[in-house]
Amino acid sequence: MQPLIDNARTFGQRPEEFAPLAEGQSPEVLFITCSDSRVVPALITGARPGRLFELRTAGNVVPLYAADRPTGEAATIEYAVQVLGVRHIVVCGHSHCGAVGAIVRGDDLTAVPAVRAWLAHAAEEPKCSDPADPTVAEAVQNHVLAQLERLRSYPCVERRLAEGDVSLHGWYYEVHTGAVREHRADTGVFEAL
């Protein structure tokens, strides 16, 4: 913890870098990814403060939209799309994902009931030909595509897509190499950026 505290103490010693942020935010990208500590959106993208609006959930899950049962995730998506006017939404899954791995392996999650409930309602089991693969790459990539489909069902996203004002992107990040791949609609596969 001490290195984090030390950095926090010196971080605010450059106020000239941060003063413009007080004027407001206008990020171009909503970046939806996993809560995993190995996935750092600003590090992956090189984004400075104010460039990314982030939504981090266990397993980069986008819950089903239900106006009568609002969630923090739905509110974040709606705010980013309707109020901030983001032009791009990235759903970024990652290798070695514990959440997706637990789904495809059928792990016993009785010791973590909130996680079990989240994953049970969050998504259908992603297709995976080798659940023993520690990277769970195929499952994670399929899971990313399922989350993109979920996003399309959000009224604000559906409207902006129809107007051509927002683009959806599916990314897969390899924590063991740092490589990032994007899903290409024309080929149906995740290819290097």
# chains A, B, ... in the order shown; residues from 1 in each chain; ligands from 1

$ select_by_dssp --residues "chain A" --states "strand (DSSP E)" --output "PyMOL selection string"
chain A and resi 29-34+52-57+88-94+167-173+180-184+189-192

$ closest_atom_pairs --of "segment 39-149 of chain A" --to "segment 14-32 of chain A" --cutoff "7 Å" --atoms "only C-alpha atoms" --output "Markdown table"
| residue | atom | partner | partner_atom | distance |
| --- | --- | --- | --- | --- |
| A:Gly50 | CA | A:Gln25 | CA | 5.7 |
| A:Arg51 | CA | A:Pro27 | CA | 4.5 |
| A:Leu52 | CA | A:Val29 | CA | 5.2 |
| A:Phe53 | CA | A:Leu30 | CA | 4.7 |
| A:Glu54 | CA | A:Phe31 | CA | 4.8 |
| A:Leu55 | CA | A:Ile32 | CA | 4.7 |
| A:Arg56 | CA | A:Ile32 | CA | 5.8 |
| A:Asn60 | CA | A:Ile32 | CA | 6.2 |
| A:Ala80 | CA | A:Leu30 | CA | 6.5 |
| A:Leu84 | CA | A:Ser26 | CA | 6.0 |
| A:Val86 | CA | A:Glu28 | CA | 4.6 |
| A:Arg87 | CA | A:Glu28 | CA | 5.4 |
| A:His88 | CA | A:Val29 | CA | 4.8 |
| A:Ile89 | CA | A:Leu30 | CA | 4.7 |
| A:Val90 | CA | A:Phe31 | CA | 4.9 |
| A:Val91 | CA | A:Ile32 | CA | 4.7 |
| A:Cys92 | CA | A:Ile32 | CA | 6.1 |

$ atom_distance --atom1 "atom CA of Arg159 of chain A" --atom2 "atom CA of Leu145 of chain A"
19.4 Å

$ atom_distance --atom1 "atom CA of Ala74 of chain A" --atom2 "atom CA of Glu138 of chain A"
26.2 Å

$ select_by_dssp --residues "segment 21-66 of chain A" --states "alpha helix (DSSP H)" --output "list in words"
Pro41, Ala42, Leu43, Ile44 and Thr45 of chain A

$ write_last_selection --atoms "N, CA, C and O atoms" --output "PDB file, in the first residue's frame"
ATOM      1  N   PRO A  41      -7.274   0.230 -18.382  1.00  0.00           N
ATOM      2  CA  PRO A  41      -7.634   0.864 -19.648  1.00  0.00           C
ATOM      3  C   PRO A  41      -6.720   2.013 -20.067  1.00  0.00           C
ATOM      4  O   PRO A  41      -6.334   2.098 -21.235  1.00  0.00           O
ATOM      5  N   ALA A  42      -6.378   2.901 -19.159  1.00  0.00           N
ATOM      6  CA  ALA A  42      -5.532   4.038 -19.522  1.00  0.00           C
ATOM      7  C   ALA A  42      -4.134   3.579 -19.927  1.00  0.00           C
ATOM      8  O   ALA A  42      -3.519   4.163 -20.816  1.00  0.00           O
ATOM      9  N   LEU A  43      -3.652   2.527 -19.304  1.00  0.00           N
ATOM     10  CA  LEU A  43      -2.342   1.991 -19.660  1.00  0.00           C
ATOM     11  C   LEU A  43      -2.400   1.318 -21.037  1.00  0.00           C
ATOM     12  O   LEU A  43      -1.526   1.526 -21.875  1.00  0.00           O
ATOM     13  N   ILE A  44      -3.438   0.544 -21.264  1.00  0.00           N
ATOM     14  CA  ILE A  44      -3.598  -0.156 -22.541  1.00  0.00           C
ATOM     15  C   ILE A  44      -3.733   0.831 -23.695  1.00  0.00           C
ATOM     16  O   ILE A  44      -3.145   0.648 -24.761  1.00  0.00           O
ATOM     17  N   THR A  45      -4.515   1.886 -23.488  1.00  0.00           N
ATOM     18  CA  THR A  45      -4.817   2.826 -24.578  1.00  0.00           C
ATOM     19  C   THR A  45      -3.920   4.058 -24.591  1.00  0.00           C
ATOM     20  O   THR A  45      -3.918   4.801 -25.572  1.00  0.00           O
TER      21      THR A  45
END

$ closest_residue --among "A:Ala120, A:Ala47, A:Ile103, A:Leu4" --to "Ala132 of chain A" --atoms "only C-alpha atoms"
A:Ile103

$ residues_around --residues "Pro63 of chain A" --least-positions-apart "4" --cutoff "8 Å" --atoms "only C-alpha atoms" --output "mmCIF file with N, CA, C and O atoms, in the first residue's frame"
data_model
loop_
_atom_site.group_PDB
_atom_site.id
_atom_site.type_symbol
_atom_site.label_atom_id
_atom_site.label_comp_id
_atom_site.auth_asym_id
_atom_site.auth_seq_id
_atom_site.Cartn_x
_atom_site.Cartn_y
_atom_site.Cartn_z
ATOM 1 N N GLU A 73 -24.725 -0.162 -13.898
ATOM 2 C CA GLU A 73 -24.132 -0.349 -15.227
ATOM 3 C C GLU A 73 -24.981 0.323 -16.304
ATOM 4 O O GLU A 73 -24.455 1.034 -17.165
ATOM 5 N N ALA A 74 -26.294 0.108 -16.224
ATOM 6 C CA ALA A 74 -27.188 0.719 -17.213
ATOM 7 C C ALA A 74 -27.148 2.241 -17.105
ATOM 8 O O ALA A 74 -27.148 2.947 -18.122
ATOM 9 N N HIS A 121 -27.089 -14.414 -13.917
ATOM 10 C CA HIS A 121 -28.021 -13.592 -14.690
ATOM 11 C C HIS A 121 -27.314 -12.780 -15.769
ATOM 12 O O HIS A 121 -27.954 -12.195 -16.634
ATOM 13 N N ALA A 122 -26.002 -12.761 -15.726
ATOM 14 C CA ALA A 122 -25.253 -11.856 -16.579
ATOM 15 C C ALA A 122 -25.170 -12.285 -18.028
ATOM 16 O O ALA A 122 -25.185 -11.448 -18.918
ATOM 17 N N ALA A 123 -25.035 -13.564 -18.281
ATOM 18 C CA ALA A 123 -24.833 -13.974 -19.670
ATOM 19 C C ALA A 123 -25.031 -15.471 -19.812
ATOM 20 O O ALA A 123 -24.888 -16.218 -18.854
ATOM 21 N N ARG A 150 -25.843 -7.315 -26.206
ATOM 22 C CA ARG A 150 -26.627 -6.736 -25.120
ATOM 23 C C ARG A 150 -26.669 -5.219 -25.241
ATOM 24 O O ARG A 150 -27.699 -4.597 -25.020
#

$ closest_residue --among "A:Arg48, A:Ala114, A:Tyr65, A:Ala192" --to "Glu78 of chain A" --atoms "only C-alpha atoms"
A:Tyr65

$ atom_distance --atom1 "atom CA of Leu151 of chain A" --atom2 "atom CA of Val81 of chain A"
11.1 Å

$ closest_residue --among "A:Leu64, A:Val180, A:Val136, A:Ala8" --to "Arg105 of chain A" --atoms "only C-alpha atoms"
A:Val136

$ residues_around --residues "Ala58 of chain A" --least-positions-apart "3" --cutoff "7 Å" --atoms "only C-alpha atoms" --output "ChimeraX atom specification"
/A:34-35,61,99

$ closest_residue --among "A:Val39, A:Met1, A:Val157, A:Val166" --to "Ala179 of chain A" --atoms "only C-alpha atoms"
A:Val39
